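Undergrad: My file is start_19.cif. It has mmCIF, N, CA and C atoms:
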data_run
#
loop_
_atom_site.group_PDB
_atom_site.id
_atom_site.type_symbol
_atom_site.label_atom_id
_atom_site.label_comp_id
_atom_site.auth_asym_id
_atom_site.auth_seq_id
_atom_site.Cartn_x
_atom_site.Cartn_y
_atom_site.Cartn_z
ATOM 1 N N TYR A 1 0.830 -1.191 0.000
ATOM 2 C CA TYR A 1 0.000 0.000 0.000
ATOM 3 C C TYR A 1 0.874 1.254 0.000
ATOM 4 N N LYS A 2 1.849 1.276 0.900
ATOM 5 C CA LYS A 2 2.705 2.454 1.037
ATOM 6 C C LYS A 2 3.500 2.752 -0.233
ATOM 7 N N MET A 3 3.881 1.727 -0.960
ATOM 8 C CA MET A 3 4.627 1.954 -2.196
ATOM 9 C C MET A 3 3.740 2.635 -3.236
ATOM 10 N N GLY A 4 2.463 2.359 -3.229
ATOM 11 C CA GLY A 4 1.537 3.035 -4.124
ATOM 12 C C GLY A 4 1.386 4.507 -3.764
ATOM 13 N N VAL A 5 1.316 4.772 -2.471
ATOM 14 C CA VAL A 5 1.247 6.162 -1.994
ATOM 15 C C VAL A 5 2.512 6.906 -2.415
ATOM 16 N N LYS A 6 3.649 6.273 -2.175
ATOM 17 C CA LYS A 6 4.931 6.911 -2.513
ATOM 18 C C LYS A 6 5.063 7.131 -4.018
ATOM 19 N N TYR A 7 4.524 6.220 -4.809
ATOM 20 C CA TYR A 7 4.543 6.377 -6.261
ATOM 21 C C TYR A 7 3.853 7.682 -6.673
ATOM 22 N N VAL A 8 2.703 7.937 -6.103
ATOM 23 C CA VAL A 8 1.956 9.148 -6.438
ATOM 24 C C VAL A 8 2.714 10.398 -5.978
ATOM 25 N N LEU A 9 3.243 10.357 -4.761
ATOM 26 C CA LEU A 9 3.943 11.526 -4.231
ATOM 27 C C LEU A 9 5.245 11.801 -4.980
ATOM 28 N N GLN A 10 6.006 10.765 -5.261
ATOM 29 C CA GLN A 10 7.245 10.946 -6.022
ATOM 30 C C GLN A 10 6.937 11.416 -7.440
ATOM 31 N N GLY A 11 5.893 10.872 -8.027
ATOM 32 C CA GLY A 11 5.496 11.284 -9.368
ATOM 33 C C GLY A 11 5.050 12.737 -9.413
ATOM 34 N N SER A 12 4.409 13.196 -8.342
ATOM 35 C CA SER A 12 3.991 14.599 -8.311
ATOM 36 C C SER A 12 5.198 15.519 -8.232
ATOM 37 N N ASN A 13 6.254 15.085 -7.539
ATOM 38 C CA ASN A 13 7.497 15.870 -7.528
ATOM 39 C C ASN A 13 8.065 15.989 -8.931
ATOM 40 N N LEU A 14 8.035 14.901 -9.661
ATOM 41 C CA LEU A 14 8.539 14.905 -11.029
ATOM 42 C C LEU A 14 7.680 15.821 -11.912
ATOM 43 N N GLY A 15 6.383 15.736 -11.768
ATOM 44 C CA GLY A 15 5.479 16.606 -12.516
ATOM 45 C C GLY A 15 5.673 18.076 -12.176
ATOM 46 N N ALA A 16 5.968 18.357 -10.920
ATOM 47 C CA ALA A 16 6.209 19.741 -10.503
ATOM 48 C C ALA A 16 7.429 20.328 -11.209
ATOM 49 N N MET A 17 8.406 19.488 -11.499
ATOM 50 C CA MET A 17 9.591 19.968 -12.221
ATOM 51 C C MET A 17 9.219 20.387 -13.645
ATOM 52 N N VAL A 18 8.305 19.672 -14.260
ATOM 53 C CA VAL A 18 7.834 20.051 -15.595
ATOM 54 C C VAL A 18 7.127 21.407 -15.514
ATOM 55 N N LEU A 19 6.287 21.568 -14.496
ATOM 56 C CA LEU A 19 5.599 22.847 -14.310
ATOM 57 C C LEU A 19 6.592 23.969 -14.043
ATOM 58 N N THR A 20 7.606 23.686 -13.242
ATOM 59 C CA THR A 20 8.618 24.685 -12.924
ATOM 60 C C THR A 20 9.275 25.208 -14.188
ATOM 61 N N ARG A 21 9.695 24.307 -15.056
ATOM 62 C CA ARG A 21 10.339 24.721 -16.307
ATOM 63 C C ARG A 21 9.404 25.585 -17.154
ATOM 64 N N HIS A 22 8.147 25.189 -17.199
ATOM 65 C CA HIS A 22 7.155 25.955 -17.968
ATOM 66 C C HIS A 22 6.968 27.353 -17.362
ATOM 67 N N PHE A 23 6.820 27.424 -16.040
ATOM 68 C CA PHE A 23 6.611 28.712 -15.380
ATOM 69 C C PHE A 23 7.847 29.612 -15.484
ATOM 70 N N GLU A 24 9.023 29.009 -15.450
ATOM 71 C CA GLU A 24 10.249 29.799 -15.605
ATOM 72 C C GLU A 24 10.258 30.505 -16.961
ATOM 73 N N LYS A 25 9.864 29.772 -17.984
ATOM 74 C CA LYS A 25 9.883 30.328 -19.347
ATOM 75 C C LYS A 25 8.742 31.307 -19.591
ATOM 76 N N THR A 26 7.537 30.921 -19.190
ATOM 77 C CA THR A 26 6.367 31.736 -19.549
ATOM 78 C C THR A 26 6.108 32.878 -18.578
ATOM 79 N N LEU A 27 6.385 32.667 -17.299
ATOM 80 C CA LEU A 27 6.102 33.697 -16.293
ATOM 81 C C LEU A 27 7.359 34.375 -15.763
ATOM 82 N N ARG A 28 8.510 33.869 -16.203
ATOM 83 C CA ARG A 28 9.812 34.402 -15.778
ATOM 84 C C ARG A 28 9.965 34.387 -14.255
ATOM 85 N N LEU A 29 9.521 33.286 -13.661
ATOM 86 C CA LEU A 29 9.678 33.084 -12.218
ATOM 87 C C LEU A 29 10.875 32.182 -11.967
ATOM 88 N N SER A 30 11.328 32.157 -10.733
ATOM 89 C CA SER A 30 12.422 31.258 -10.349
ATOM 90 C C SER A 30 12.093 30.645 -8.995
ATOM 91 N N SER A 31 12.927 29.709 -8.558
ATOM 92 C CA SER A 31 12.684 29.067 -7.260
ATOM 93 C C SER A 31 12.819 30.080 -6.124
ATOM 94 N N ASN A 32 13.476 31.198 -6.377
ATOM 95 C CA ASN A 32 13.604 32.254 -5.360
ATOM 96 C C ASN A 32 12.495 33.293 -5.456
ATOM 97 N N SER A 33 11.715 33.228 -6.518
ATOM 98 C CA SER A 33 10.647 34.229 -6.674
ATOM 99 C C SER A 33 9.366 33.584 -7.200
ATOM 100 N N GLY A 34 8.715 32.817 -6.352
ATOM 101 C CA GLY A 34 7.407 32.299 -6.692
ATOM 102 C C GLY A 34 7.309 30.824 -7.022
ATOM 103 N N LEU A 35 8.429 30.145 -7.186
ATOM 104 C CA LEU A 35 8.362 28.734 -7.589
ATOM 105 C C LEU A 35 8.901 27.765 -6.542
ATOM 106 N N ARG A 36 9.196 28.231 -5.370
ATOM 107 C CA ARG A 36 9.795 27.343 -4.361
ATOM 108 C C ARG A 36 8.933 26.106 -4.126
ATOM 109 N N PHE A 37 7.616 26.279 -4.071
ATOM 110 C CA PHE A 37 6.718 25.141 -3.830
ATOM 111 C C PHE A 37 6.888 24.066 -4.891
ATOM 112 N N PHE A 38 7.058 24.488 -6.150
ATOM 113 C CA PHE A 38 7.156 23.536 -7.252
ATOM 114 C C PHE A 38 8.564 22.987 -7.441
ATOM 115 N N SER A 39 9.538 23.576 -6.777
ATOM 116 C CA SER A 39 10.931 23.197 -7.012
ATOM 117 C C SER A 39 11.309 21.859 -6.385
ATOM 118 N N GLY A 40 10.561 21.413 -5.408
ATOM 119 C CA GLY A 40 10.822 20.107 -4.793
ATOM 120 C C GLY A 40 12.261 19.932 -4.383
ATOM 121 N N ASP A 41 12.873 18.873 -4.864
ATOM 122 C CA ASP A 41 14.264 18.582 -4.554
ATOM 123 C C ASP A 41 15.215 19.182 -5.586
ATOM 124 N N GLY A 42 14.715 20.102 -6.379
ATOM 125 C CA GLY A 42 15.553 20.761 -7.381
ATOM 126 C C GLY A 42 16.142 19.762 -8.362
ATOM 127 N N ASN A 43 17.424 19.884 -8.594
ATOM 128 C CA ASN A 43 18.101 19.019 -9.558
ATOM 129 C C ASN A 43 18.122 17.553 -9.135
ATOM 130 N N GLN A 44 17.860 17.290 -7.877
ATOM 131 C CA GLN A 44 17.866 15.912 -7.372
ATOM 132 C C GLN A 44 16.560 15.172 -7.659
ATOM 133 N N THR A 45 15.546 15.887 -8.104
ATOM 134 C CA THR A 45 14.226 15.284 -8.292
ATOM 135 C C THR A 45 14.270 14.085 -9.224
ATOM 136 N N PHE A 46 14.926 14.230 -10.366
ATOM 137 C CA PHE A 46 14.982 13.124 -11.318
ATOM 138 C C PHE A 46 15.769 11.951 -10.749
ATOM 139 N N GLU A 47 16.860 12.237 -10.040
ATOM 140 C CA GLU A 47 17.644 11.167 -9.415
ATOM 141 C C GLU A 47 16.815 10.437 -8.360
ATOM 142 N N GLU A 48 16.040 11.191 -7.587
ATOM 143 C CA GLU A 48 15.173 10.580 -6.572
ATOM 144 C C GLU A 48 14.119 9.695 -7.230
ATOM 145 N N TRP A 49 13.580 10.137 -8.364
ATOM 146 C CA TRP A 49 12.600 9.343 -9.104
ATOM 147 C C TRP A 49 13.228 8.036 -9.568
ATOM 148 N N LYS A 50 14.433 8.093 -10.118
ATOM 149 C CA LYS A 50 15.104 6.874 -10.586
ATOM 150 C C LYS A 50 15.388 5.937 -9.415
ATOM 151 N N LYS A 51 15.798 6.477 -8.287
ATOM 152 C CA LYS A 51 16.029 5.640 -7.096
ATOM 153 C C LYS A 51 14.739 4.965 -6.659
ATOM 154 N N PHE A 52 13.660 5.744 -6.667
ATOM 155 C CA PHE A 52 12.380 5.166 -6.271
ATOM 156 C C PHE A 52 11.968 4.053 -7.218
ATOM 157 N N LEU A 53 12.131 4.265 -8.525
ATOM 158 C CA LEU A 53 11.756 3.218 -9.487
ATOM 159 C C LEU A 53 12.572 1.949 -9.260
ATOM 160 N N ASN A 54 13.836 2.090 -8.930
ATOM 161 C CA ASN A 54 14.665 0.918 -8.611
ATOM 162 C C ASN A 54 14.152 0.216 -7.361
ATOM 163 N N THR A 55 13.804 1.003 -6.357
ATOM 164 C CA THR A 55 13.255 0.432 -5.114
ATOM 165 C C THR A 55 11.937 -0.280 -5.391
ATOM 166 N N LEU A 56 11.095 0.354 -6.192
ATOM 167 C CA LEU A 56 9.802 -0.251 -6.546
ATOM 168 C C LEU A 56 9.999 -1.548 -7.312
ATOM 169 N N GLN A 57 10.948 -1.572 -8.228
ATOM 170 C CA GLN A 57 11.241 -2.788 -8.993
ATOM 171 C C GLN A 57 11.687 -3.915 -8.063
ATOM 172 N N THR A 58 12.609 -3.597 -7.164
ATOM 173 C CA THR A 58 13.098 -4.596 -6.202
ATOM 174 C C THR A 58 11.955 -5.100 -5.330
ATOM 175 N N PHE A 59 11.139 -4.166 -4.847
ATOM 176 C CA PHE A 59 10.005 -4.541 -4.006
ATOM 177 C C PHE A 59 9.026 -5.424 -4.769
ATOM 178 N N SER A 60 8.779 -5.090 -6.032
ATOM 179 C CA SER A 60 7.803 -5.850 -6.812
ATOM 180 C C SER A 60 8.237 -7.292 -7.034
ATOM 181 N N GLU A 61 9.535 -7.533 -6.946
ATOM 182 C CA GLU A 61 10.064 -8.889 -7.134
ATOM 183 C C GLU A 61 10.181 -9.660 -5.824
ATOM 184 N N SER A 62 9.858 -9.005 -4.708
ATOM 185 C CA SER A 62 10.004 -9.661 -3.405
ATOM 186 C C SER A 62 8.723 -10.392 -3.017
ATOM 187 N N LYS A 63 8.857 -11.260 -2.045
ATOM 188 C CA LYS A 63 7.701 -12.020 -1.561
ATOM 189 C C LYS A 63 6.752 -11.136 -0.748
ATOM 190 N N PHE A 64 7.199 -9.934 -0.397
ATOM 191 C CA PHE A 64 6.392 -9.039 0.427
ATOM 192 C C PHE A 64 5.451 -8.169 -0.407
ATOM 193 N N CYS A 65 5.624 -8.194 -1.712
ATOM 194 C CA CYS A 65 4.829 -7.329 -2.586
ATOM 195 C C CYS A 65 3.442 -7.920 -2.821
ATOM 196 N N ASN A 66 2.466 -7.081 -2.618
ATOM 197 C CA ASN A 66 1.088 -7.404 -2.955
ATOM 198 C C ASN A 66 0.661 -6.339 -3.968
ATOM 199 N N GLU A 67 0.665 -6.698 -5.248
ATOM 200 C CA GLU A 67 0.405 -5.718 -6.311
ATOM 201 C C GLU A 67 -0.938 -5.019 -6.135
ATOM 202 N N GLU A 68 -1.946 -5.754 -5.732
ATOM 203 C CA GLU A 68 -3.265 -5.145 -5.542
ATOM 204 C C GLU A 68 -3.218 -4.069 -4.464
ATOM 205 N N SER A 69 -2.453 -4.316 -3.416
ATOM 206 C CA SER A 69 -2.322 -3.349 -2.330
ATOM 207 C C SER A 69 -1.580 -2.094 -2.797
ATOM 208 N N VAL A 70 -0.535 -2.271 -3.586
ATOM 209 C CA VAL A 70 0.215 -1.128 -4.117
ATOM 210 C C VAL A 70 -0.688 -0.280 -5.008
ATOM 211 N N ILE A 71 -1.422 -0.928 -5.869
ATOM 212 C CA ILE A 71 -2.342 -0.213 -6.759
ATOM 213 C C ILE A 71 -3.415 0.505 -5.954
ATOM 214 N N ARG A 72 -3.949 -0.160 -4.940
ATOM 215 C CA ARG A 72 -4.970 0.462 -4.089
ATOM 216 C C ARG A 72 -4.398 1.690 -3.377
ATOM 217 N N GLY A 73 -3.151 1.607 -2.926
ATOM 218 C CA GLY A 73 -2.505 2.756 -2.288
ATOM 219 C C GLY A 73 -2.398 3.941 -3.228
ATOM 220 N N ALA A 74 -2.027 3.670 -4.480
ATOM 221 C CA ALA A 74 -1.933 4.745 -5.476
ATOM 222 C C ALA A 74 -3.320 5.322 -5.772
ATOM 223 N N GLU A 75 -4.284 4.453 -5.992
ATOM 224 C CA GLU A 75 -5.638 4.920 -6.299
ATOM 225 C C GLU A 75 -6.222 5.726 -5.144
ATOM 226 N N ASP A 76 -6.037 5.246 -3.919
ATOM 227 C CA ASP A 76 -6.551 5.972 -2.746
ATOM 228 C C ASP A 76 -5.897 7.342 -2.627
ATOM 229 N N THR A 77 -4.606 7.401 -2.893
ATOM 230 C CA THR A 77 -3.893 8.674 -2.795
ATOM 231 C C THR A 77 -4.388 9.647 -3.851
ATOM 232 N N PHE A 78 -4.540 9.180 -5.093
ATOM 233 C CA PHE A 78 -5.105 10.044 -6.134
ATOM 234 C C PHE A 78 -6.499 10.528 -5.731
ATOM 235 N N SER A 79 -7.318 9.637 -5.182
ATOM 236 C CA SER A 79 -8.681 10.007 -4.777
ATOM 237 C C SER A 79 -8.672 11.038 -3.654
ATOM 238 N N LEU A 80 -7.803 10.835 -2.669
ATOM 239 C CA LEU A 80 -7.722 11.784 -1.555
ATOM 240 C C LEU A 80 -7.250 13.151 -2.028
ATOM 241 N N LEU A 81 -6.263 13.177 -2.899
ATOM 242 C CA LEU A 81 -5.787 14.459 -3.429
ATOM 243 C C LEU A 81 -6.869 15.142 -4.255
ATOM 244 N N TYR A 82 -7.569 14.373 -5.062
ATOM 245 C CA TYR A 82 -8.668 14.923 -5.859
ATOM 246 C C TYR A 82 -9.741 15.525 -4.949
ATOM 247 N N ASP A 83 -10.155 14.753 -3.946
ATOM 248 C CA ASP A 83 -11.186 15.238 -3.016
ATOM 249 C C ASP A 83 -10.732 16.502 -2.303
ATOM 250 N N TRP A 84 -9.465 16.537 -1.902
ATOM 251 C CA TRP A 84 -8.927 17.702 -1.223
ATOM 252 C C TRP A 84 -8.945 18.922 -2.145
ATOM 253 N N LEU A 85 -8.512 18.734 -3.388
ATOM 254 C CA LEU A 85 -8.491 19.854 -4.331
ATOM 255 C C LEU A 85 -9.886 20.352 -4.664
ATOM 256 N N ILE A 86 -10.825 19.436 -4.835
ATOM 257 C CA ILE A 86 -12.209 19.825 -5.138
ATOM 258 C C ILE A 86 -12.816 20.594 -3.967
ATOM 259 N N HIS A 87 -12.516 20.140 -2.765
ATOM 260 C CA HIS A 87 -13.071 20.777 -1.559
ATOM 261 C C HIS A 87 -12.556 22.200 -1.382
ATOM 262 N N TYR A 88 -11.308 22.435 -1.734
ATOM 263 C CA TYR A 88 -10.689 23.745 -1.493
ATOM 264 C C TYR A 88 -10.525 24.593 -2.746
ATOM 265 N N LYS A 89 -11.277 24.316 -3.791
ATOM 266 C CA LYS A 89 -11.100 25.107 -5.022
ATOM 267 C C LYS A 89 -11.674 26.495 -4.924
#
Taking this structure as input, can you express it in the form of structure tokens?
TA:
Amino acid sequence: YKMGVKYVLQGSNLGAMVLTRHFEKTLRLSSNSGLRFFSGDGNQTFEEWKKFLNTLQTFSESKFCNEESVIRGAEDTFSLLYDWLIHYK
């Protein structure tokens, strides 16, 4: 379950980097002026994503992995984030 949650959170960090690049170009913002929230781990974000994917791969091959539970963790996390965003829009 937790690996599914972490998948969503790590993926959102990666997505934030895409947004950061877009905002830097279109809005001329930087991590020091308006983009700190989206900057995440900065240049380490992609490395952290690759580390997580390696960890997920190793976990998926272990006897402790329950794929349905991992998927449920990801789905629940997406649902909770969606509900939170809808509630506070």
Undergrad: Check what the PyMOL selection byres ((chain A and resi 43-57) around 8) selects in the file above and give those residues as a tab-separated table (two decimals) with N, CA and C atoms, in the coordinates of the input.
TA:
chain	number	residue	atom	x	y	z
A	3	MET	N	3.88	1.73	-0.96
A	3	MET	CA	4.63	1.95	-2.20
A	3	MET	C	3.74	2.64	-3.24
A	6	LYS	N	3.65	6.27	-2.17
A	6	LYS	CA	4.93	6.91	-2.51
A	6	LYS	C	5.06	7.13	-4.02
A	7	TYR	N	4.52	6.22	-4.81
A	7	TYR	CA	4.54	6.38	-6.26
A	7	TYR	C	3.85	7.68	-6.67
A	10	GLN	N	6.01	10.76	-5.26
A	10	GLN	CA	7.24	10.95	-6.02
A	10	GLN	C	6.94	11.42	-7.44
A	11	GLY	N	5.89	10.87	-8.03
A	11	GLY	CA	5.50	11.28	-9.37
A	11	GLY	C	5.05	12.74	-9.41
A	13	ASN	N	6.25	15.08	-7.54
A	13	ASN	CA	7.50	15.87	-7.53
A	13	ASN	C	8.06	15.99	-8.93
A	14	LEU	N	8.04	14.90	-9.66
A	14	LEU	CA	8.54	14.90	-11.03
A	14	LEU	C	7.68	15.82	-11.91
A	17	MET	N	8.41	19.49	-11.50
A	17	MET	CA	9.59	19.97	-12.22
A	17	MET	C	9.22	20.39	-13.64
A	39	SER	N	9.54	23.58	-6.78
A	39	SER	CA	10.93	23.20	-7.01
A	39	SER	C	11.31	21.86	-6.38
A	40	GLY	N	10.56	21.41	-5.41
A	40	GLY	CA	10.82	20.11	-4.79
A	40	GLY	C	12.26	19.93	-4.38
A	41	ASP	N	12.87	18.87	-4.86
A	41	ASP	CA	14.26	18.58	-4.55
A	41	ASP	C	15.22	19.18	-5.59
A	42	GLY	N	14.72	20.10	-6.38
A	42	GLY	CA	15.55	20.76	-7.38
A	42	GLY	C	16.14	19.76	-8.36
A	58	THR	N	12.61	-3.60	-7.16
A	58	THR	CA	13.10	-4.60	-6.20
A	58	THR	C	11.96	-5.10	-5.33
A	59	PHE	N	11.14	-4.17	-4.85
A	59	PHE	CA	10.01	-4.54	-4.01
A	59	PHE	C	9.03	-5.42	-4.77
A	60	SER	N	8.78	-5.09	-6.03
A	60	SER	CA	7.80	-5.85	-6.81
A	60	SER	C	8.24	-7.29	-7.03
A	61	GLU	N	9.54	-7.53	-6.95
A	61	GLU	CA	10.06	-8.89	-7.13
A	61	GLU	C	10.18	-9.66	-5.82
A	62	SER	N	9.86	-9.01	-4.71
A	62	SER	CA	10.00	-9.66	-3.40
A	62	SER	C	8.72	-10.39	-3.02
Undergrad: For atom C of Phe78 (chain A) and atom C of Ala16 (chain A), determine how far apart the two atoms are, in Å to one decimal place.
TA: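 Taking atom C of Phe78 (chain A) as the start and atom C of Ala16 (chain A) as the end point, the length is 17.9 Å.
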Undergrad: Report as an MDAnalysis selection string the residues that result from applying the PyMOL selection byres (((chain A and resi 35 and name CA) around 12) and name CA) to the structure here.
TA: chainID A and resid 16:25 27:34 36:40 42
Undergrad: Enclose region 20-26 of chain A, meaning all of its atoms listed in the file, in a box aligned along x, y and z, pad it by 6 Å on each side, and list the centre and edge lengths in Å to one decimal, as JSON.
TA:
{"center_x": 8.2, "center_y": 28.3, "center_z": -16.3, "size_x": 16.2, "size_y": 21.2, "size_z": 18.7}
Undergrad: When you draw a straight line from CA of Val70 (chain A) to CA of Ile86 (chain A), how long is it in Å?
TA: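 Atom-to-atom, CA of Val70 (chain A) to CA of Ile86 (chain A), that is 24.4 Å.
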Undergrad: Find the distance between atom C of Ser12 (chain A) and atom C of Thr77 (chain A) and write it in Å to one decimal.
TA: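 For atom C of Ser12 (chain A) relative to atom C of Thr77 (chain A), the distance reads 12.1 Å.
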Undergrad: Using only N, CA and C atoms, which protein or nucleic acid residues come within 8 Å of Ile71 (chain A)? Drop anything in the same chain fewer than 2 positions from it, and give the result as number ranges by chain.
TA: A: 1-5, 66-69, 73-77
Undergrad: From a backbone DSSP assignment, name each residue in chain A labelled alpha helix (DSSP H), as a PyMOL selection string.
TA: chain A and resi 2-27+36-39+45-60+67-87
Undergrad: Kindly add all heavy atoms to the incomplete region 56-65 of chain A and provide the output as an mmCIF file, in the frame of the given file.
TA:
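File part_12.cif, as written:
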data_model
loop_
_atom_site.group_PDB
_atom_site.id
_atom_site.type_symbol
_atom_site.label_atom_id
_atom_site.label_comp_id
_atom_site.auth_asym_id
_atom_site.auth_seq_id
_atom_site.Cartn_x
_atom_site.Cartn_y
_atom_site.Cartn_z
ATOM 1 N N LEU A 56 11.095 0.354 -6.192
ATOM 2 C CA LEU A 56 9.802 -0.251 -6.546
ATOM 3 C C LEU A 56 9.999 -1.548 -7.312
ATOM 4 O O LEU A 56 9.306 -2.543 -7.049
ATOM 5 C CB LEU A 56 8.972 0.739 -7.365
ATOM 6 C CG LEU A 56 7.564 0.306 -7.745
ATOM 7 C CD1 LEU A 56 6.716 0.022 -6.512
ATOM 8 C CD2 LEU A 56 6.913 1.381 -8.607
ATOM 9 N N GLN A 57 10.948 -1.572 -8.228
ATOM 10 C CA GLN A 57 11.241 -2.788 -8.993
ATOM 11 C C GLN A 57 11.687 -3.915 -8.063
ATOM 12 O O GLN A 57 11.196 -5.038 -8.148
ATOM 13 C CB GLN A 57 12.315 -2.516 -10.047
ATOM 14 C CG GLN A 57 12.674 -3.722 -10.886
ATOM 15 C CD GLN A 57 11.537 -4.180 -11.773
ATOM 16 O OE1 GLN A 57 10.812 -3.359 -12.324
ATOM 17 N NE2 GLN A 57 11.369 -5.477 -11.908
ATOM 18 N N THR A 58 12.609 -3.597 -7.164
ATOM 19 C CA THR A 58 13.098 -4.596 -6.202
ATOM 20 C C THR A 58 11.955 -5.100 -5.330
ATOM 21 O O THR A 58 11.805 -6.303 -5.112
ATOM 22 C CB THR A 58 14.222 -3.998 -5.333
ATOM 23 O OG1 THR A 58 15.291 -3.583 -6.194
ATOM 24 C CG2 THR A 58 14.735 -5.000 -4.319
ATOM 25 N N PHE A 59 11.139 -4.166 -4.847
ATOM 26 C CA PHE A 59 10.005 -4.541 -4.006
ATOM 27 C C PHE A 59 9.026 -5.424 -4.769
ATOM 28 O O PHE A 59 8.519 -6.415 -4.231
ATOM 29 C CB PHE A 59 9.305 -3.291 -3.476
ATOM 30 C CG PHE A 59 8.108 -3.586 -2.632
ATOM 31 C CD1 PHE A 59 8.251 -4.117 -1.356
ATOM 32 C CD2 PHE A 59 6.827 -3.344 -3.110
ATOM 33 C CE1 PHE A 59 7.141 -4.408 -0.571
ATOM 34 C CE2 PHE A 59 5.722 -3.622 -2.341
ATOM 35 C CZ PHE A 59 5.874 -4.159 -1.068
ATOM 36 N N SER A 60 8.779 -5.090 -6.032
ATOM 37 C CA SER A 60 7.803 -5.850 -6.812
ATOM 38 C C SER A 60 8.237 -7.292 -7.034
ATOM 39 O O SER A 60 7.401 -8.165 -7.277
ATOM 40 C CB SER A 60 7.540 -5.162 -8.162
ATOM 41 O OG SER A 60 8.642 -5.310 -9.023
ATOM 42 N N GLU A 61 9.535 -7.533 -6.946
ATOM 43 C CA GLU A 61 10.064 -8.889 -7.134
ATOM 44 C C GLU A 61 10.181 -9.660 -5.824
ATOM 45 O O GLU A 61 10.557 -10.829 -5.827
ATOM 46 C CB GLU A 61 11.428 -8.803 -7.815
ATOM 47 C CG GLU A 61 11.340 -8.224 -9.223
ATOM 48 C CD GLU A 61 12.687 -7.834 -9.802
ATOM 49 O OE1 GLU A 61 13.712 -7.916 -9.085
ATOM 50 O OE2 GLU A 61 12.720 -7.428 -10.985
ATOM 51 N N SER A 62 9.858 -9.005 -4.708
ATOM 52 C CA SER A 62 10.004 -9.661 -3.405
ATOM 53 C C SER A 62 8.723 -10.392 -3.017
ATOM 54 O O SER A 62 7.646 -10.148 -3.568
ATOM 55 C CB SER A 62 10.350 -8.637 -2.324
ATOM 56 O OG SER A 62 9.199 -7.894 -1.949
ATOM 57 N N LYS A 63 8.857 -11.260 -2.045
ATOM 58 C CA LYS A 63 7.701 -12.020 -1.561
ATOM 59 C C LYS A 63 6.752 -11.136 -0.748
ATOM 60 O O LYS A 63 5.637 -11.530 -0.463
ATOM 61 C CB LYS A 63 8.159 -13.204 -0.724
ATOM 62 C CG LYS A 63 8.862 -12.820 0.567
ATOM 63 C CD LYS A 63 9.287 -14.044 1.350
ATOM 64 C CE LYS A 63 9.992 -13.625 2.636
ATOM 65 N NZ LYS A 63 10.395 -14.761 3.428
ATOM 66 N N PHE A 64 7.199 -9.934 -0.397
ATOM 67 C CA PHE A 64 6.392 -9.039 0.427
ATOM 68 C C PHE A 64 5.451 -8.169 -0.407
ATOM 69 O O PHE A 64 4.586 -7.494 0.129
ATOM 70 C CB PHE A 64 7.285 -8.133 1.273
ATOM 71 C CG PHE A 64 8.208 -8.901 2.163
ATOM 72 C CD1 PHE A 64 9.561 -8.972 1.864
ATOM 73 C CD2 PHE A 64 7.731 -9.570 3.272
ATOM 74 C CE1 PHE A 64 10.421 -9.694 2.670
ATOM 75 C CE2 PHE A 64 8.575 -10.294 4.084
ATOM 76 C CZ PHE A 64 9.919 -10.362 3.782
ATOM 77 N N CYS A 65 5.624 -8.194 -1.712
ATOM 78 C CA CYS A 65 4.829 -7.329 -2.586
ATOM 79 C C CYS A 65 3.442 -7.920 -2.821
ATOM 80 O O CYS A 65 3.290 -9.071 -3.179
ATOM 81 C CB CYS A 65 5.538 -7.136 -3.924
ATOM 82 S SG CYS A 65 4.596 -6.088 -5.053
#
